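Structure record follows, encoded as structure tokens.
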Amino acid sequence: MNRAEERGEELVAVRQDGRLKQLLRIHLGPGEYPKEPSVGTPPALTPALFSAYRDLEDLRYDFPAVLLEADSERVAMPLSELIDELIARQAPAGAAGERLRRDLYRLERTIKALSTNAAEQRLDKLWAAATERCLSQATETSRRKELRSNLQTARSAVNEQGRVIDCDAQIASRFFTHAWDCIQSEQGRQARETLEELIAELTAIIDADRMRSARATSADALRTAMGSEHAGGIDFERLSSMLRSSKHQRPLKTSRRKRLHAVLKVLEAERRRLGTGNGKFPRRSQVAESIGDSCVDALARLDAELQHVVELFKAVRIARLEVENRYDEARHDAYFAAFDQNHLTTEELRGLPPLFVHMEDHAFDAENKSALVEILTSDLPIKVLVELRTIPDTLSQVAGPAGFGGWSTSLASMATGLRTPFVMQTTVSLLPRLETEVVEGMRYNGAALYCVYSGPAEDTAGVSRYLRCASAVESRAFPCFVHHPGRGEEWAERFALLRNPQPEEPWPIHNFNYEDSDGRALVQEIAFTAVDFLAMDARFAQQYVPVALEDWHPNMVPLGDFLAIEDTKAFGKVPYVWMLDESNTLHRVIVRRGLVAAARRCAELWRSLQELGGIHNSHALRLLEAERRRAIQDPAPESTAAAAPAPAEVATAAEVSAPKAEGEVETTAAPVTDQAYIDTELCTSCNDCTDRNAMMFAYNDAKQAFIRDAQAGTYRDLIEAAENCPVCIIHPGKPVDPDEPGVDELLRRAEPFN
Ligand code: SF4
């Protein structure tokens, strides 16, 4: 049976099944497209897999986190990790160790409660407050004593100090600003050390020369320089004469002396500019100045700095030549006279004062978008954090034609394709675990882009920001990856998928345990997809339609299985997800087709990322297969055409089809006609064809489509409508105009639908 015949049978089956028809109408019908950012009341139904995360208070995860002080080895760490390390170091074996472990977990829970939705506070203060709260809850005196001792001893063993933060609306800004501050301190110190070193070496050359000059080597000058307490017994006249006569101690040439002074002046001015105080370096105000909120401004600022940087690097290069005594006036004078920005090396360009730009996705106008592209295609040391507040545009199908943001998710993938910038895509929920990678981007000698999803600016009551962001990664709506050009030339070295659960799979699969109405314990394997992620957003509530138990149908398929079926073979199936209502009752919920399309798109993008990350890489798999065949000397497989049964065999198979059962209704095969028609009663009123050509397609009184006038457009219009009809019920027939351009190709495309 060919595909057209199969489709004919499927159509008949659907036509005869009123309940299935109704379920298909729900799945394929139009849903309302949301327009506004996600705020407001949480949805009434939540994905079944969220049941384990309803109460985050009792779960240990990566928040709160500690932003560590600048002199620590790391810039941040989850509080849970700090406590675990402490237990590993401090808890003795046996019952006492077990009590210490429990005390520290209790302290961690209390710190978490104190820091949830609170402004950031210092760890030592929170530790003290949490200790007091824990003690106030201990009733027995002996237990109180042990608890106090355990918590105080543990506190004195904590090496880390810093501020405790929660996963709130400001988390991206706080985390990145803190990391930037730490890295600027480290790099600023290194830059100043290099500068100080050069200044000291130049000064030594100049001082030595001064000591040899006629004035400096006069007997009086030597006597004064030596001081009266060291002068006894020294013949300054003889010393002066000796210094002046040594052929190796000739004074510097005037031109060289002038050059050294000029260079020293530039370097000392730079030292003054950076600040020579004894306090923290670089100063907080200098770090703050390096943080901006516009890509356009960052480029303008570096442009303004360029002339200064040209002078500085010219001075540095001359200084190095002088220190190594390699400056050759015949060669270098002309070179440095013409020195401008074109002479700067890539490394030196990257030595421009680094800047950090933080912009939210909605703030990117056309100018900033093009400035961002300029930054990413340059070697400039500008680090850009693009914070995504809106839903990733991998899901834009559910947002309707307007889409969300439109470019935000593709941005990180596109920037990765440029190969030179450092790129990271993640959500804020993973930041404490990705601090090493965040810092690597800041240390990278060139542009860096961080695309970070943080959820809506306003909190939604009842929806945890941490859970929302964690499920964006888990569902493949916003996978996490890093592209670090500094790690090597090969993709395998520079690209990594990080912290995406079950990275080998299209979707993470989890067991869901529940009880049926008879109290039997059951377990279901459930795929976690973008549809689960979107369920946290009240705007999509209309896209989830629960079905009463009595309306369940054998053609209802769990979404994970539905997504594994090829699009063209999914006809007649209705995808559903398991969701819980507020009373914890489980429902099968039909998912509208817009959500399914969004999930399919996420799967496609995830597949590309898997390939880049070396998972199921198609080139590698082909090579392996070729090798396997070669090893067993297996001939190449026959082509599909050669493997197909001969026409005679097909005829035989048709002849032996099962006899019609008693009472079975003769199937109403699709009418054989050259004229275009629609199986109107199967129409789901999705508007696709009527929006495409309202003269050609129209709705009847039951809001189901029919062909109003097949000649109100071209045959191509008909074919395209047929190809886009979600239930494949538009039959284009034969062309009215047999001479329409490209008619042969159009007839081929029409075949599956006639
Ligand atoms: S016939 Fe038109 S309106 Fe009906 S389902 Fe197909 S495309 Fe949608």
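FYI, nothing fancy with the structure tokens labels: chains A, B, ... in order, residues from 1 per chain, ligands from 1 as they appear.
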
- Task: Give the residues close to ligand 1, within 10 Å, counting only C-alpha atoms and all ligand atoms; write them as number ranges by chain.
- Result: A: 25, 28-30, 677-692, 697-699, 703-707, 721-731

Write out the residues from the selection above, keeping C-alpha atoms, as a PDB file, in the first residue's frame.
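Written file, selection12.pdb:
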ATOM      1  CA  ARG A  25      -9.699  19.421  16.510  1.00  0.00           C
ATOM      2  CA  LEU A  28      -4.799  21.000  15.579  1.00  0.00           C
ATOM      3  CA  GLY A  29      -7.121  23.945  16.089  1.00  0.00           C
ATOM      4  CA  PRO A  30      -5.814  27.466  16.523  1.00  0.00           C
ATOM      5  CA  TYR A 677     -11.553  19.503  -3.115  1.00  0.00           C
ATOM      6  CA  ILE A 678     -11.263  19.440   0.685  1.00  0.00           C
ATOM      7  CA  ASP A 679     -12.408  16.772   3.157  1.00  0.00           C
ATOM      8  CA  THR A 680     -14.388  19.542   4.784  1.00  0.00           C
ATOM      9  CA  GLU A 681     -15.724  17.588   7.719  1.00  0.00           C
ATOM     10  CA  LEU A 682     -12.179  16.879   8.905  1.00  0.00           C
ATOM     11  CA  CYS A 683     -11.163  20.519   8.803  1.00  0.00           C
ATOM     12  CA  THR A 684      -9.833  21.785  12.166  1.00  0.00           C
ATOM     13  CA  SER A 685     -10.457  25.462  11.322  1.00  0.00           C
ATOM     14  CA  CYS A 686      -6.799  26.333  11.711  1.00  0.00           C
ATOM     15  CA  ASN A 687      -7.016  29.295   9.262  1.00  0.00           C
ATOM     16  CA  ASP A 688      -3.904  28.251   7.328  1.00  0.00           C
ATOM     17  CA  CYS A 689      -5.543  27.986   3.912  1.00  0.00           C
ATOM     18  CA  THR A 690      -8.081  30.803   4.412  1.00  0.00           C
ATOM     19  CA  ASP A 691      -5.311  33.178   5.498  1.00  0.00           C
ATOM     20  CA  ARG A 692      -3.292  32.115   2.485  1.00  0.00           C
ATOM     21  CA  PHE A 697     -10.626  28.934   0.395  1.00  0.00           C
ATOM     22  CA  ALA A 698     -13.584  29.805   2.625  1.00  0.00           C
ATOM     23  CA  TYR A 699     -15.362  28.487   5.693  1.00  0.00           C
ATOM     24  CA  LYS A 703     -16.406  27.026  10.233  1.00  0.00           C
ATOM     25  CA  GLN A 704     -14.912  24.227   8.164  1.00  0.00           C
ATOM     26  CA  ALA A 705     -13.035  24.956   4.961  1.00  0.00           C
ATOM     27  CA  PHE A 706     -14.100  24.233   1.371  1.00  0.00           C
ATOM     28  CA  ILE A 707     -12.765  25.333  -2.007  1.00  0.00           C
ATOM     29  CA  ALA A 721      -1.952  25.118   0.851  1.00  0.00           C
ATOM     30  CA  ALA A 722      -2.139  21.308   0.653  1.00  0.00           C
ATOM     31  CA  GLU A 723       1.413  20.973   1.907  1.00  0.00           C
ATOM     32  CA  ASN A 724       0.725  23.247   4.841  1.00  0.00           C
ATOM     33  CA  CYS A 725      -2.676  21.894   5.871  1.00  0.00           C
ATOM     34  CA  PRO A 726      -1.949  20.237   9.254  1.00  0.00           C
ATOM     35  CA  VAL A 727      -4.399  17.379   8.595  1.00  0.00           C
ATOM     36  CA  CYS A 728      -3.543  16.919   4.878  1.00  0.00           C
ATOM     37  CA  ILE A 729      -7.141  17.155   3.676  1.00  0.00           C
ATOM     38  CA  ILE A 730      -6.682  19.540   0.741  1.00  0.00           C
ATOM     39  CA  HIS A 731      -6.593  17.620  -2.544  1.00  0.00           C
TER      40      HIS A 731
END

- Message: Need to verify the contact set: region 447-459 of chain A, 7 Å, only C-alpha atoms, exclusion of same-chain residues closer than 3 positions in sequence. Can you return it as a list in words?
- Response: Ser38, Val39, Ala169, Ile375, Leu376, Asp379, Leu380, Pro381, Ile382, Lys383, Val384, Leu385, Val386, Glu387, Leu388, Arg389, Thr390, Ala412, Pro421, Phe422, Val423, Met424, Gln425, Thr426, Thr427, Val428, Gly441, Arg465 and Cys469 of chain A

- Mind pulling up the distance from CA of Val373 (chain A) to CA of Arg419 (chain A)? 13.0 Å

- Task: Per DSSP on the backbone, filter region 310-366 of chain A down to the residues in alpha helix (DSSP H) and report them as a list in words.
- Result: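 Here are the alpha helix (DSSP H) residues of region 310-366 of chain A: Val310, Glu311, Leu312, Phe313, Lys314, Ala315, Val316, Arg317, Ile318, Ala319, Arg320, Leu321, Glu322, Val323, Glu329, Ala330, Arg331, His332, Asp333, Ala334, Tyr335, Phe336, Ala337, Thr346, Glu347, Glu348, Leu349 and Ala366 of chain A.
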
- Item | region 580-596 of chain A surroundings by only C-alpha atoms, 9 Å radius, close-in-sequence under 2 positions cut, as an MDAnalysis selection string | chainID A and resid 23 26:31 44:48 50:51 395 397:400 514 530:531 534 542:549 552 556 558:559 563 574:578 598:601 726

Could you write out the selected residues, including C-alpha atoms, as an mmCIF file, in the first residue's frame?
data_model
loop_
_atom_site.group_PDB
_atom_site.id
_atom_site.type_symbol
_atom_site.label_atom_id
_atom_site.label_comp_id
_atom_site.auth_asym_id
_atom_site.auth_seq_id
_atom_site.Cartn_x
_atom_site.Cartn_y
_atom_site.Cartn_z
ATOM 1 C CA LEU A 23 -9.572 15.370 20.045
ATOM 2 C CA ILE A 26 -8.377 20.374 19.957
ATOM 3 C CA HIS A 27 -4.805 19.461 19.043
ATOM 4 C CA LEU A 28 -4.799 21.000 15.579
ATOM 5 C CA GLY A 29 -7.121 23.945 16.089
ATOM 6 C CA PRO A 30 -5.814 27.466 16.523
ATOM 7 C CA GLY A 31 -4.762 28.507 20.017
ATOM 8 C CA ALA A 44 -3.423 25.961 37.378
ATOM 9 C CA LEU A 45 -1.887 22.798 35.893
ATOM 10 C CA THR A 46 1.768 21.921 36.331
ATOM 11 C CA PRO A 47 3.797 19.214 34.581
ATOM 12 C CA ALA A 48 3.784 15.954 36.528
ATOM 13 C CA PHE A 50 7.543 19.177 38.681
ATOM 14 C CA SER A 51 5.882 17.413 41.612
ATOM 15 C CA LEU A 395 9.972 28.649 20.890
ATOM 16 C CA GLN A 397 6.310 29.324 16.866
ATOM 17 C CA VAL A 398 4.061 29.382 19.886
ATOM 18 C CA ALA A 399 4.353 33.130 20.039
ATOM 19 C CA GLY A 400 2.704 33.589 16.674
ATOM 20 C CA TYR A 514 2.015 7.709 41.061
ATOM 21 C CA ALA A 530 9.916 22.436 25.918
ATOM 22 C CA VAL A 531 6.182 21.868 26.413
ATOM 23 C CA LEU A 534 6.215 26.597 28.673
ATOM 24 C CA GLN A 542 -4.975 27.835 26.513
ATOM 25 C CA GLN A 543 -2.487 25.611 24.749
ATOM 26 C CA TYR A 544 -2.999 22.811 27.313
ATOM 27 C CA VAL A 545 -6.407 21.116 27.253
ATOM 28 C CA PRO A 546 -7.154 18.419 29.872
ATOM 29 C CA VAL A 547 -9.212 15.454 28.690
ATOM 30 C CA ALA A 548 -11.714 13.694 30.957
ATOM 31 C CA LEU A 549 -11.029 9.987 31.563
ATOM 32 C CA TRP A 552 -9.430 9.100 26.400
ATOM 33 C CA MET A 556 -3.656 9.554 22.276
ATOM 34 C CA PRO A 558 2.532 10.587 25.158
ATOM 35 C CA LEU A 559 4.292 13.649 23.789
ATOM 36 C CA LEU A 563 7.828 13.627 18.886
ATOM 37 C CA VAL A 574 -3.100 13.154 19.480
ATOM 38 C CA PRO A 575 -0.143 14.079 21.719
ATOM 39 C CA TYR A 576 -0.665 14.558 25.425
ATOM 40 C CA VAL A 577 1.360 15.296 28.582
ATOM 41 C CA TRP A 578 0.727 14.307 32.180
ATOM 42 C CA ALA A 598 8.137 24.499 19.205
ATOM 43 C CA ALA A 599 9.311 21.286 20.859
ATOM 44 C CA ARG A 600 10.290 19.856 17.454
ATOM 45 C CA ARG A 601 12.312 22.977 16.717
ATOM 46 C CA PRO A 726 -1.949 20.237 9.254
#

- Mind pulling up the distance from CA of Asn159 (chain A) to CA of Val439 (chain A)?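 CA of Val439 (chain A) sits 20.9 Å away from CA of Asn159 (chain A).
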
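Around Leu123 (chain A), within 6 Å and counting only C-alpha atoms, the residues found are Gly162, Arg163 and Val164 of chain A, once anything fewer than 6 positions away on its own chain is removed.
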
- Can you work out which one of A:Ala13, A:Ala70, A:Ile526, A:Leu352 has the shortest atom-to-atom distance to Phe313 (chain A), counting only C-alpha atoms?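 Closest candidate: A:Leu352.
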